[in-house]
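This is start04.txt. It holds compact mmCIF, C-alpha atoms.
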# COMPACT_ATOMS: atom_id res chain seq x y z
CA MET A 1 16.52 -46.10 58.36
CA THR A 2 18.66 -48.07 56.00
CA ARG A 3 20.45 -46.55 53.02
CA ARG A 4 18.38 -48.63 50.59
CA LEU A 5 15.15 -47.34 52.15
CA ARG A 6 16.30 -43.74 51.90
CA ILE A 7 17.13 -44.22 48.20
CA SER A 8 13.74 -45.81 47.61
CA LEU A 9 11.95 -42.96 49.36
CA ALA A 10 13.91 -40.39 47.30
CA ILE A 11 13.03 -42.15 44.03
CA ALA A 12 9.41 -42.38 45.12
CA ALA A 13 9.36 -38.67 45.96
CA VAL A 14 10.80 -37.78 42.53
CA LEU A 15 8.28 -40.00 40.76
CA ALA A 16 5.47 -38.49 42.83
CA ALA A 17 6.63 -34.98 41.95
CA VAL A 18 6.74 -35.89 38.25
CA ALA A 19 3.27 -37.41 38.50
CA VAL A 20 1.92 -34.34 40.29
CA TYR A 21 3.51 -32.09 37.63
CA ARG A 22 2.03 -34.15 34.82
CA ILE A 23 -1.40 -34.11 36.40
CA ALA A 24 -1.21 -30.39 37.14
CA THR A 25 -0.11 -29.50 33.63
CA SER A 26 -3.04 -31.46 32.28
CA PHE A 27 -5.32 -28.87 33.86
CA VAL A 28 -3.12 -25.77 34.00
CA ALA A 29 -0.94 -24.31 31.24
CA TYR A 30 1.43 -21.55 32.33
CA THR A 31 4.19 -19.63 30.60
CA ALA A 32 6.36 -16.70 31.56
CA ASP A 33 7.53 -16.40 27.96
CA ALA A 34 4.91 -13.87 26.89
CA TYR A 35 4.90 -10.25 25.86
CA VAL A 36 2.61 -7.40 24.87
CA GLN A 37 2.30 -6.80 21.13
CA SER A 38 0.58 -4.37 18.79
CA ASP A 39 1.02 -3.20 15.19
CA LEU A 40 3.78 -0.73 14.47
CA VAL A 41 2.53 1.43 11.62
CA ALA A 42 5.46 2.81 9.64
CA VAL A 43 4.31 6.07 8.08
CA ALA A 44 6.28 6.72 4.90
CA PRO A 45 5.85 9.73 2.60
CA GLU A 46 4.83 9.02 -0.98
CA VAL A 47 6.82 11.97 -2.36
CA THR A 48 10.35 13.26 -1.84
CA GLY A 49 10.82 16.78 -0.53
CA ARG A 50 11.99 19.05 2.26
CA ILE A 51 10.03 18.84 5.52
CA THR A 52 8.71 22.26 6.49
CA GLY A 53 6.84 21.29 9.65
CA VAL A 54 6.50 18.49 12.20
CA HIS A 55 3.18 18.72 14.02
CA VAL A 56 3.52 15.94 16.61
CA ALA A 57 5.87 15.09 19.46
CA ILE A 58 7.36 11.83 20.63
CA ASN A 59 4.97 9.68 22.74
CA GLN A 60 2.02 11.86 21.70
CA ASP A 61 -1.34 10.19 21.16
CA VAL A 62 -2.85 10.81 17.74
CA ALA A 63 -6.11 9.95 16.04
CA ALA A 64 -6.46 8.65 12.51
CA GLY A 65 -6.33 11.60 10.12
CA ASP A 66 -4.30 13.90 12.39
CA LEU A 67 -1.61 15.93 10.63
CA LEU A 68 1.87 14.53 11.36
CA ALA A 69 4.24 16.47 9.11
CA THR A 70 4.25 18.78 6.10
CA ILE A 71 6.50 18.57 3.04
CA ASP A 72 7.26 21.77 1.11
CA PRO A 73 4.35 22.01 -1.38
CA VAL A 74 5.86 24.75 -3.60
CA PRO A 75 7.66 22.48 -6.14
CA PHE A 76 4.58 20.33 -6.50
CA GLN A 77 2.30 23.37 -6.89
CA LEU A 78 4.58 24.74 -9.62
CA GLU A 79 4.48 21.42 -11.43
CA ALA A 80 0.69 21.37 -11.26
CA ASP A 81 0.55 24.93 -12.64
CA GLN A 82 2.83 23.91 -15.50
CA ARG A 83 0.59 20.98 -16.37
CA ARG A 84 -2.47 23.23 -16.39
CA ALA A 85 -0.68 25.58 -18.79
CA GLU A 86 0.13 22.63 -21.05
CA ILE A 87 -3.53 21.64 -21.06
CA GLU A 88 -4.56 25.16 -22.07
CA GLU A 89 -1.91 25.21 -24.81
CA ALA A 90 -3.10 21.87 -26.15
CA ARG A 91 -6.71 23.04 -25.99
CA ALA A 92 -5.85 26.15 -28.04
CA GLN A 93 -3.97 24.04 -30.57
CA ILE A 94 -6.92 21.68 -30.90
CA ALA A 95 -9.25 24.63 -31.53
CA ALA A 96 -6.89 25.88 -34.26
CA ASP A 97 -6.75 22.35 -35.69
CA GLU A 98 -10.54 22.25 -35.88
CA ASP A 99 -10.50 25.46 -37.93
CA THR A 100 -7.80 23.99 -40.18
CA VAL A 101 -9.79 20.80 -40.72
CA ALA A 102 -12.92 22.81 -41.48
CA SER A 103 -11.02 24.95 -44.02
CA ALA A 104 -9.54 21.85 -45.62
CA GLU A 105 -12.98 20.26 -45.86
CA ALA A 106 -14.36 23.41 -47.48
CA ALA A 107 -11.45 23.40 -49.94
CA LEU A 108 -12.22 19.76 -50.74
CA ALA A 109 -15.87 20.58 -51.42
CA ALA A 110 -14.80 23.39 -53.76
CA ALA A 111 -12.30 21.10 -55.49
CA ILE A 112 -14.94 18.41 -55.98
CA ALA A 113 -17.33 20.98 -57.44
CA ALA A 114 -14.62 22.22 -59.80
CA GLU A 115 -13.82 18.65 -60.81
CA THR A 116 -17.48 17.96 -61.50
CA TYR A 117 -17.69 21.07 -63.70
CA ALA A 118 -14.45 20.14 -65.48
CA ARG A 119 -15.75 16.61 -66.15
CA GLN A 120 -19.00 17.95 -67.54
CA THR A 121 -17.12 20.43 -69.73
CA ASN A 122 -14.77 17.71 -70.95
CA THR A 123 -17.73 15.47 -71.83
CA ARG A 124 -19.46 18.27 -73.72
CA MET A 125 -16.32 19.22 -75.65
CA SER A 126 -15.67 15.59 -76.55
CA THR A 127 -19.20 15.31 -77.93
CA LEU A 128 -18.79 18.49 -79.96
CA ALA A 129 -15.40 17.37 -81.25
CA ALA A 130 -16.87 14.07 -82.37
CA ALA A 131 -19.44 16.04 -84.40
CA GLN A 132 -16.60 18.28 -85.62
CA ASP A 133 -18.29 21.26 -84.00
CA ALA A 134 -15.35 22.12 -81.69
CA PRO A 135 -11.67 22.50 -82.41
CA ARG A 136 -9.20 19.92 -81.08
CA ALA A 137 -7.44 22.56 -78.94
CA ASP A 138 -10.60 23.18 -76.93
CA VAL A 139 -10.94 19.46 -76.25
CA GLU A 140 -7.36 19.24 -75.01
CA LYS A 141 -7.89 22.31 -72.88
CA ALA A 142 -10.97 20.70 -71.27
CA GLN A 143 -9.07 17.47 -70.61
CA ASP A 144 -6.21 19.42 -69.01
CA ALA A 145 -8.69 21.29 -66.79
CA LEU A 146 -10.22 17.98 -65.69
CA THR A 147 -6.79 16.56 -64.84
CA ARG A 148 -5.89 19.62 -62.78
CA ALA A 149 -9.27 19.51 -61.00
CA GLY A 150 -8.71 15.86 -60.06
CA ALA A 151 -5.27 16.70 -58.70
CA ALA A 152 -6.78 19.53 -56.68
CA VAL A 153 -9.28 17.10 -55.15
CA GLU A 154 -6.50 14.71 -54.12
CA ALA A 155 -4.47 17.58 -52.67
CA ALA A 156 -7.51 18.73 -50.68
CA ARG A 157 -8.01 15.21 -49.29
CA ALA A 158 -4.32 15.04 -48.31
CA ALA A 159 -4.63 18.42 -46.61
CA ILE A 160 -7.58 17.13 -44.57
CA ALA A 161 -5.62 14.02 -43.58
CA ARG A 162 -2.66 16.14 -42.46
CA ALA A 163 -4.92 18.48 -40.47
CA GLN A 164 -6.67 15.55 -38.81
CA ALA A 165 -3.33 13.91 -37.94
CA THR A 166 -2.11 17.16 -36.38
CA GLN A 167 -5.36 17.44 -34.45
CA ALA A 168 -4.99 13.85 -33.17
CA MET A 169 -1.41 14.59 -32.09
CA HIS A 170 -2.53 17.65 -30.15
CA GLN A 171 -5.42 15.70 -28.61
CA ALA A 172 -2.92 13.06 -27.43
CA ALA A 173 -0.74 15.85 -25.99
CA GLN A 174 -3.78 17.18 -24.15
CA ALA A 175 -4.54 13.72 -22.75
CA ARG A 176 -0.93 13.41 -21.57
CA ALA A 177 -1.11 16.85 -19.97
CA VAL A 178 -4.36 15.92 -18.19
CA ALA A 179 -2.76 12.74 -16.84
CA ALA A 180 0.36 14.67 -15.82
CA LEU A 181 -1.83 17.22 -14.02
CA ALA A 182 -3.61 14.44 -12.14
CA THR A 183 -0.23 13.05 -11.07
CA ALA A 184 1.00 16.49 -10.03
CA GLU A 185 -2.14 17.14 -8.00
CA TRP A 186 -1.81 13.69 -6.41
CA LYS A 187 1.77 14.53 -5.40
CA LEU A 188 0.66 17.91 -4.09
CA GLY A 189 -1.94 16.21 -1.93
CA ARG A 190 0.72 13.89 -0.49
CA THR A 191 2.73 16.77 0.97
CA ARG A 192 0.58 16.50 4.11
CA LEU A 193 1.37 13.33 6.08
CA THR A 194 -1.58 12.22 8.19
CA ALA A 195 -1.93 9.42 10.72
CA PRO A 196 -3.36 6.26 9.13
CA ALA A 197 -4.36 4.85 12.52
CA THR A 198 -5.10 5.89 16.07
CA GLY A 199 -2.16 5.32 18.38
CA SER A 200 1.01 6.73 19.91
CA ILE A 201 4.03 8.29 18.22
CA VAL A 202 7.27 6.42 19.02
CA ASN A 203 10.94 7.18 18.45
CA LEU A 204 10.31 10.44 16.63
CA THR A 205 13.57 11.78 15.21
CA VAL A 206 12.42 13.75 12.16
CA ARG A 207 12.81 17.53 12.24
CA ALA A 208 11.84 20.45 10.04
CA GLY A 209 14.48 20.86 7.36
CA ASP A 210 15.08 17.12 6.96
CA THR A 211 14.52 15.54 3.57
CA ALA A 212 11.63 13.13 3.33
CA ARG A 213 12.22 10.37 0.80
CA ALA A 214 9.41 8.54 -0.91
CA ASN A 215 8.55 5.12 0.55
CA GLU A 216 11.11 5.44 3.37
CA PRO A 217 9.47 5.18 6.85
CA LEU A 218 9.53 8.53 8.62
CA ILE A 219 7.26 8.25 11.67
CA GLY A 220 6.20 5.22 13.71
CA ILE A 221 2.77 4.81 15.30
CA ILE A 222 1.84 2.02 17.72
CA ASP A 223 -1.74 1.11 16.81
CA ALA A 224 -3.99 1.64 19.83
CA ARG A 225 -6.60 -0.77 18.48
CA ALA A 226 -4.38 -3.78 17.86
CA TRP A 227 -3.16 -4.65 21.36
CA ARG A 228 -2.69 -8.35 22.04
CA ILE A 229 -0.65 -10.74 24.15
CA VAL A 230 1.63 -13.25 22.47
CA ALA A 231 2.46 -16.20 24.72
CA ASN A 232 4.85 -18.97 23.71
CA PHE A 233 3.54 -22.28 25.04
CA LYS A 234 5.16 -25.68 24.92
CA GLN A 235 3.98 -27.84 22.08
CA SER A 236 2.57 -30.36 24.57
CA PHE A 237 0.07 -27.72 25.73
CA ILE A 238 -1.25 -26.27 22.51
CA ARG A 239 -3.27 -29.28 21.37
CA SER A 240 -5.92 -28.50 23.99
CA PHE A 241 -6.20 -24.75 23.26
CA GLN A 242 -9.26 -23.51 21.39
CA PRO A 243 -10.22 -19.99 20.24
CA GLY A 244 -12.40 -18.47 22.94
CA ASP A 245 -10.67 -20.22 25.85
CA THR A 246 -10.31 -18.06 28.93
CA ALA A 247 -6.89 -17.09 30.22
CA ARG A 248 -5.39 -14.94 32.94
CA VAL A 249 -2.63 -12.47 32.13
CA TRP A 250 -0.10 -10.90 34.47
CA LEU A 251 1.54 -7.77 33.04
CA ASP A 252 5.00 -6.93 34.36
CA SER A 253 4.23 -3.28 33.59
CA GLN A 254 1.30 -3.52 36.02
CA PRO A 255 2.22 -6.21 38.58
CA TRP A 256 -0.14 -7.77 41.08
CA HIS A 257 -3.09 -7.55 38.73
CA LEU A 258 -4.57 -10.47 36.84
CA HIS A 259 -6.47 -9.56 33.67
CA ARG A 260 -8.97 -11.79 31.97
CA ALA A 261 -8.08 -12.66 28.39
CA ARG A 262 -9.39 -14.74 25.53
CA VAL A 263 -7.45 -17.07 23.23
CA GLU A 264 -7.71 -15.81 19.65
CA GLY A 265 -5.64 -18.48 17.97
CA VAL A 266 -2.59 -20.72 17.96
CA SER A 267 0.13 -20.38 15.35
CA ARG A 268 0.18 -23.39 13.02
CA GLY A 269 3.90 -23.11 12.40
CA ILE A 270 7.22 -21.75 13.60
CA SER A 271 10.59 -21.38 11.93
CA ARG A 272 13.39 -23.62 13.15
CA ASP A 273 15.97 -21.39 11.49
CA PRO A 274 16.50 -17.93 13.06
CA SER A 275 17.87 -16.58 9.78
CA ALA A 276 14.95 -17.76 7.66
CA ASP A 277 12.27 -15.55 6.19
CA ARG A 278 10.19 -13.85 8.89
CA LEU A 279 6.88 -14.98 7.45
CA LEU A 280 7.09 -17.70 10.11
CA PRO A 281 7.80 -16.67 13.72
CA TYR A 282 11.01 -17.93 15.30
CA VAL A 283 10.86 -18.96 18.96
CA SER A 284 14.22 -19.63 20.57
CA PRO A 285 14.41 -23.20 21.93
CA THR A 286 16.93 -22.29 24.62
CA THR A 287 17.02 -20.03 27.64
CA ASP A 288 19.96 -19.60 29.98
CA TRP A 289 21.72 -22.40 28.05
CA ILE A 290 18.89 -24.82 28.85
CA ARG A 291 17.32 -26.66 25.96
CA LEU A 292 13.54 -26.28 26.02
CA GLN A 293 10.70 -28.05 24.33
CA ARG A 294 9.57 -26.31 21.16
CA ARG A 295 7.08 -23.54 21.84
CA PHE A 296 4.38 -22.07 19.63
CA PRO A 297 2.95 -18.54 19.78
CA VAL A 298 -0.58 -18.25 21.14
CA THR A 299 -2.37 -14.95 20.57
CA LEU A 300 -4.68 -13.58 23.27
CA THR A 301 -6.68 -10.39 23.70
CA LEU A 302 -7.67 -8.80 26.97
CA VAL A 303 -11.37 -8.95 27.84
CA ASP A 304 -12.87 -5.67 29.07
CA PRO A 305 -9.57 -4.10 30.18
CA PRO A 306 -9.82 -1.12 32.55
CA ASP A 307 -10.06 2.27 30.86
CA ASP A 308 -6.91 3.44 32.64
CA LEU A 309 -4.85 0.40 31.64
CA LYS A 310 -1.77 1.38 29.65
CA LEU A 311 -0.12 -1.26 27.52
CA TYR A 312 3.46 -1.08 26.33
CA MET A 313 4.56 -2.87 23.21
CA GLY A 314 7.29 -5.39 24.03
CA ALA A 315 6.59 -5.48 27.78
CA ASP A 316 6.84 -8.85 29.52
CA ALA A 317 3.77 -10.83 30.54
CA ARG A 318 2.85 -14.16 32.10
CA VAL A 319 -0.13 -16.21 31.00
CA LEU A 320 -2.16 -18.91 32.71
CA ILE A 321 -4.68 -20.98 30.76
CA LEU A 322 -6.98 -23.65 32.10
CA PRO A 323 -7.41 -25.97 29.09
Is it possible to give me this structure as structure tokens?
Amino acid sequence: MTRRLRISLAIAAVLAAVAVYRIATSFVAYTADAYVQSDLVAVAPEVTGRITGVHVAINQDVAAGDLLATIDPVPFQLEADQRRAEIEEARAQIAADEDTVASAEAALAAAIAAETYARQTNTRMSTLAAAQDAPRADVEKAQDALTRAGAAVEAARAAIARAQATQAMHQAAQARAVAALATAEWKLGRTRLTAPATGSIVNLTVRAGDTARANEPLIGIIDARAWRIVANFKQSFIRSFQPGDTARVWLDSQPWHLHRARVEGVSRGISRDPSADRLLPYVSPTTDWIRLQRRFPVTLTLVDPPDDLKLYMGADARVLILP
């Protein structure tokens, strides 16, 4: 066999292999760049306080609503008691204000009656004086009485206004105390941390005596109802994937078993910058220093998994899809 023939046969073999690969990948899409994923629920307290009890252990399974930890409720109970006392104080002040307003209104009625009498007396004395049947001193005395009665009416109205303003101020204080009590009771209710989802406790490091800080994650739960497989497929494959397509999944945590899965969707975008915002997933384009074609995440869910199947978040997987 000549050297030229051997070279020709080698080139033909390479071309045939490429052709076979192209044909095969038209019917079979495979990736070993896949992993098991779920939702990590970060349980954070909504109040700051000392932890008095931790009621779960690491790797323990919990159901939604199970008690996870307890924060010392005493400071929050004392605050709620104080707010209740403020409400009672404001209520007593409002009751006293109502009596004051009622007294002021009665004083106004009396002042108006006195003014009416003084006006009538002044009119009568003016008539008599015009007929020279009453001395001038009596007329002046009647006018003075009318002036003083009018001033008494104005003073009574001012007293009512002041009493009503004081009552409004105490009513506002009562409203603030009611709102403060609601806040205190809300805080008191947040001293019991419960599981927001069914799942497994992971990386538990909190202990009784630690300080829980509001809005800082304290306990992690892997959601048992959000398991999925994320497989990164080359961009040349994804155009043929459709939601509902059937796939086969190999789990490295349970080798030698193929599980049926269903395609749920294909990501419509990836980040090309690893330091960019994580709203877009970043898929590394290299492995072992080899430059790869861009890959896009494809989300799959297992179909009728065995009851005894245990999934582990982050575990490796391999996925085969027949487009």
#### Entry: Separation of atom CA of Ala95 of chain A from atom CA of Arg157 of chain A, in Å and rounded to one decimal
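The value is 20.1 Å.
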### Task
For atom CA of Ile71 of chain A and atom CA of Thr52 of chain A, determine how far apart the two atoms are, in Å to one decimal place.
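Taking atom CA of Ile71 of chain A and atom CA of Thr52 of chain A, their separation equals 5.5 Å.
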### Task
Rank A:Leu146, A:Ile221, A:Ala29, A:Leu300 by their smallest atom-to-atom distance to Val202 of chain A, using only C-alpha atoms, and report the top residue only.
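Once distances to Val202 of chain A are computed over only C-alpha atoms, the minimum belongs to A:Ile221.
Here atom CA of Thr301 of chain A stands at a distance of 5.4 Å from atom CA of Arg262 of chain A.
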Applying 12 Å and all atoms listed in the file, which residues near segment 304-306 of chain A remain after dropping the ones on its own chain fewer than 6 positions away? List them as a compact mmCIF listing (two decimals) with C-alpha atoms, in the coordinates of the input.
# COMPACT_ATOMS: atom_id res chain seq x y z
CA TRP A 227 -3.16 -4.65 21.36
CA ARG A 228 -2.69 -8.35 22.04
CA ARG A 248 -5.39 -14.94 32.94
CA VAL A 249 -2.63 -12.47 32.13
CA GLN A 254 1.30 -3.52 36.02
CA HIS A 257 -3.09 -7.55 38.73
CA LEU A 258 -4.57 -10.47 36.84
CA HIS A 259 -6.47 -9.56 33.67
CA ARG A 260 -8.97 -11.79 31.97
CA ALA A 261 -8.08 -12.66 28.39
CA ARG A 262 -9.39 -14.74 25.53
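Distances to Gly65 of chain A were evaluated for A:Ala111, A:Ala32, A:Leu193, A:Ala212 using all atoms listed in the file, and the minimum falls at A:Leu193.
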### Message
So that I can see what lies close to Ala231 of chain A, please list as a ChimeraX atom specification the residues with an atom at most 10 Å from it, counting all atoms listed in the file and leaving out residues fewer than 6 positions away in the same chain.
### Response
/A:30-36,249,266,295-300,316-320
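For the residues A:Lys141, A:Arg207, A:Arg83, A:Arg294, ranking by smallest atom-to-atom distance to Ser236 of chain A using all atoms listed in the file places A:Arg294 first.
Within the 7 Å cut-off around Ala163 of chain A, using only C-alpha atoms and omitting residues fewer than 2 positions from it on the same chain, the listed residues are Asp97, Thr100, Val101, Ala159, Ile160, Ala161, Ala165, Thr166 and Gln167 of chain A.
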### Summary
Of A:Val14, A:Leu311, A:Ala90, A:Ala42, the one sitting nearest Asp252 of chain A when using only C-alpha atoms is A:Leu311
### Message
Taking all atoms listed in the file into account, name the residue in A:Val178, A:Ile201, A:Val28, A:Pro196 that is nearest to Ile321 of chain A.
### Response
A:Val28
### Message
So that I can see what lies close to Val54 of chain A, please list as a PyMOL selection string the residues with an atom at most 8 Å from it, counting only C-alpha atoms and leaving out residues fewer than 2 positions away in the same chain.
### Response
chain A and resi 51-52+56+68-70+206-208
Distance query Gln37 of chain A at most 9 Å, only C-alpha atoms, self and fewer than 4 positions along chain excluded, as a short mmCIF file (atom, residue, chain, number, x, y, z; two decimals) with C-alpha atoms, in the coordinates of the input:
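Heads up, here's the output in out-v3.cif:
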data_model
loop_
_atom_site.label_atom_id
_atom_site.label_comp_id
_atom_site.auth_asym_id
_atom_site.auth_seq_id
_atom_site.Cartn_x
_atom_site.Cartn_y
_atom_site.Cartn_z
CA ALA A 226 -4.38 -3.78 17.86
CA TRP A 227 -3.16 -4.65 21.36
CA ARG A 228 -2.69 -8.35 22.04
CA ILE A 229 -0.65 -10.74 24.15
CA VAL A 230 1.63 -13.25 22.47
CA LEU A 311 -0.12 -1.26 27.52
CA TYR A 312 3.46 -1.08 26.33
CA MET A 313 4.56 -2.87 23.21
CA GLY A 314 7.29 -5.39 24.03
CA ALA A 315 6.59 -5.48 27.78
#
### Task
Go through A:Gly150, A:Pro73, A:Pro255, A:Pro135 one by one, measure the shortest atom-to-atom distance of each to Leu309 of chain A using all atoms listed in the file, and give the residue with the smallest value.
A:Pro255
Would you mind putting all heavy atoms back on segment 90-100 of chain A and writing the result as a PDB file, in the frame of the given file?
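Dumped to out36.pdb:
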ATOM      1  N   ALA A  90      -2.582  22.928 -25.287  1.00  0.00           N
ATOM      2  CA  ALA A  90      -3.100  21.870 -26.150  1.00  0.00           C
ATOM      3  C   ALA A  90      -4.531  22.140 -26.562  1.00  0.00           C
ATOM      4  O   ALA A  90      -4.921  21.892 -27.717  1.00  0.00           O
ATOM      5  CB  ALA A  90      -3.006  20.526 -25.409  1.00  0.00           C
ATOM      6  N   ARG A  91      -5.323  22.718 -25.655  1.00  0.00           N
ATOM      7  CA  ARG A  91      -6.710  23.040 -25.990  1.00  0.00           C
ATOM      8  C   ARG A  91      -6.768  24.108 -27.104  1.00  0.00           C
ATOM      9  O   ARG A  91      -7.583  24.005 -28.024  1.00  0.00           O
ATOM     10  CB  ARG A  91      -7.436  23.518 -24.732  1.00  0.00           C
ATOM     11  CG  ARG A  91      -8.928  23.725 -24.913  1.00  0.00           C
ATOM     12  CD  ARG A  91      -9.593  24.038 -23.594  1.00  0.00           C
ATOM     13  NE  ARG A  91      -9.591  22.885 -22.709  1.00  0.00           N
ATOM     14  CZ  ARG A  91      -9.190  22.889 -21.453  1.00  0.00           C
ATOM     15  NH1 ARG A  91      -8.733  24.012 -20.920  1.00  0.00           N
ATOM     16  NH2 ARG A  91      -9.231  21.803 -20.724  1.00  0.00           N
ATOM     17  N   ALA A  92      -5.893  25.114 -27.005  1.00  0.00           N
ATOM     18  CA  ALA A  92      -5.850  26.150 -28.040  1.00  0.00           C
ATOM     19  C   ALA A  92      -5.391  25.568 -29.375  1.00  0.00           C
ATOM     20  O   ALA A  92      -5.928  25.923 -30.442  1.00  0.00           O
ATOM     21  CB  ALA A  92      -4.904  27.277 -27.610  1.00  0.00           C
ATOM     22  N   GLN A  93      -4.426  24.670 -29.335  1.00  0.00           N
ATOM     23  CA  GLN A  93      -3.970  24.040 -30.570  1.00  0.00           C
ATOM     24  C   GLN A  93      -5.059  23.194 -31.205  1.00  0.00           C
ATOM     25  O   GLN A  93      -5.228  23.178 -32.430  1.00  0.00           O
ATOM     26  CB  GLN A  93      -2.727  23.190 -30.274  1.00  0.00           C
ATOM     27  CG  GLN A  93      -1.480  24.003 -29.958  1.00  0.00           C
ATOM     28  CD  GLN A  93      -0.321  23.136 -29.516  1.00  0.00           C
ATOM     29  OE1 GLN A  93      -0.508  22.049 -28.983  1.00  0.00           O
ATOM     30  NE2 GLN A  93       0.902  23.616 -29.735  1.00  0.00           N
ATOM     31  N   ILE A  94      -5.820  22.500 -30.374  1.00  0.00           N
ATOM     32  CA  ILE A  94      -6.920  21.680 -30.900  1.00  0.00           C
ATOM     33  C   ILE A  94      -7.976  22.552 -31.549  1.00  0.00           C
ATOM     34  O   ILE A  94      -8.540  22.212 -32.605  1.00  0.00           O
ATOM     35  CB  ILE A  94      -7.512  20.815 -29.773  1.00  0.00           C
ATOM     36  CG1 ILE A  94      -6.498  19.749 -29.346  1.00  0.00           C
ATOM     37  CG2 ILE A  94      -8.810  20.156 -30.220  1.00  0.00           C
ATOM     38  CD1 ILE A  94      -6.892  18.986 -28.096  1.00  0.00           C
ATOM     39  N   ALA A  95      -8.277  23.704 -30.930  1.00  0.00           N
ATOM     40  CA  ALA A  95      -9.250  24.630 -31.530  1.00  0.00           C
ATOM     41  C   ALA A  95      -8.755  25.127 -32.886  1.00  0.00           C
ATOM     42  O   ALA A  95      -9.532  25.214 -33.858  1.00  0.00           O
ATOM     43  CB  ALA A  95      -9.493  25.807 -30.583  1.00  0.00           C
ATOM     44  N   ALA A  96      -7.446  25.448 -32.974  1.00  0.00           N
ATOM     45  CA  ALA A  96      -6.890  25.880 -34.260  1.00  0.00           C
ATOM     46  C   ALA A  96      -6.945  24.736 -35.268  1.00  0.00           C
ATOM     47  O   ALA A  96      -7.208  24.955 -36.469  1.00  0.00           O
ATOM     48  CB  ALA A  96      -5.457  26.366 -34.069  1.00  0.00           C
ATOM     49  N   ASP A  97      -6.685  23.505 -34.791  1.00  0.00           N
ATOM     50  CA  ASP A  97      -6.750  22.350 -35.690  1.00  0.00           C
ATOM     51  C   ASP A  97      -8.157  22.148 -36.236  1.00  0.00           C
ATOM     52  O   ASP A  97      -8.340  21.769 -37.407  1.00  0.00           O
ATOM     53  CB  ASP A  97      -6.304  21.085 -34.935  1.00  0.00           C
ATOM     54  CG  ASP A  97      -4.831  21.136 -34.572  1.00  0.00           C
ATOM     55  OD1 ASP A  97      -4.088  21.869 -35.240  1.00  0.00           O
ATOM     56  OD2 ASP A  97      -4.433  20.436 -33.619  1.00  0.00           O
ATOM     57  N   GLU A  98      -9.161  22.389 -35.412  1.00  0.00           N
ATOM     58  CA  GLU A  98     -10.540  22.250 -35.880  1.00  0.00           C
ATOM     59  C   GLU A  98     -10.836  23.239 -37.004  1.00  0.00           C
ATOM     60  O   GLU A  98     -11.503  22.894 -37.997  1.00  0.00           O
ATOM     61  CB  GLU A  98     -11.500  22.450 -34.705  1.00  0.00           C
ATOM     62  CG  GLU A  98     -11.449  21.312 -33.676  1.00  0.00           C
ATOM     63  CD  GLU A  98     -12.291  21.609 -32.452  1.00  0.00           C
ATOM     64  OE1 GLU A  98     -12.766  22.763 -32.331  1.00  0.00           O
ATOM     65  OE2 GLU A  98     -12.472  20.693 -31.610  1.00  0.00           O
ATOM     66  N   ASP A  99     -10.326  24.470 -36.859  1.00  0.00           N
ATOM     67  CA  ASP A  99     -10.500  25.460 -37.930  1.00  0.00           C
ATOM     68  C   ASP A  99      -9.770  25.015 -39.193  1.00  0.00           C
ATOM     69  O   ASP A  99     -10.286  25.164 -40.310  1.00  0.00           O
ATOM     70  CB  ASP A  99      -9.982  26.826 -37.485  1.00  0.00           C
ATOM     71  CG  ASP A  99     -10.831  27.421 -36.372  1.00  0.00           C
ATOM     72  OD1 ASP A  99     -12.001  27.002 -36.239  1.00  0.00           O
ATOM     73  OD2 ASP A  99     -10.327  28.296 -35.643  1.00  0.00           O
ATOM     74  N   THR A 100      -8.566  24.453 -39.018  1.00  0.00           N
ATOM     75  CA  THR A 100      -7.800  23.990 -40.180  1.00  0.00           C
ATOM     76  C   THR A 100      -8.518  22.861 -40.886  1.00  0.00           C
ATOM     77  O   THR A 100      -8.587  22.819 -42.125  1.00  0.00           O
ATOM     78  CB  THR A 100      -6.400  23.543 -39.733  1.00  0.00           C
ATOM     79  OG1 THR A 100      -5.740  24.628 -39.073  1.00  0.00           O
ATOM     80  CG2 THR A 100      -5.566  23.102 -40.917  1.00  0.00           C
TER      81      THR A 100
END
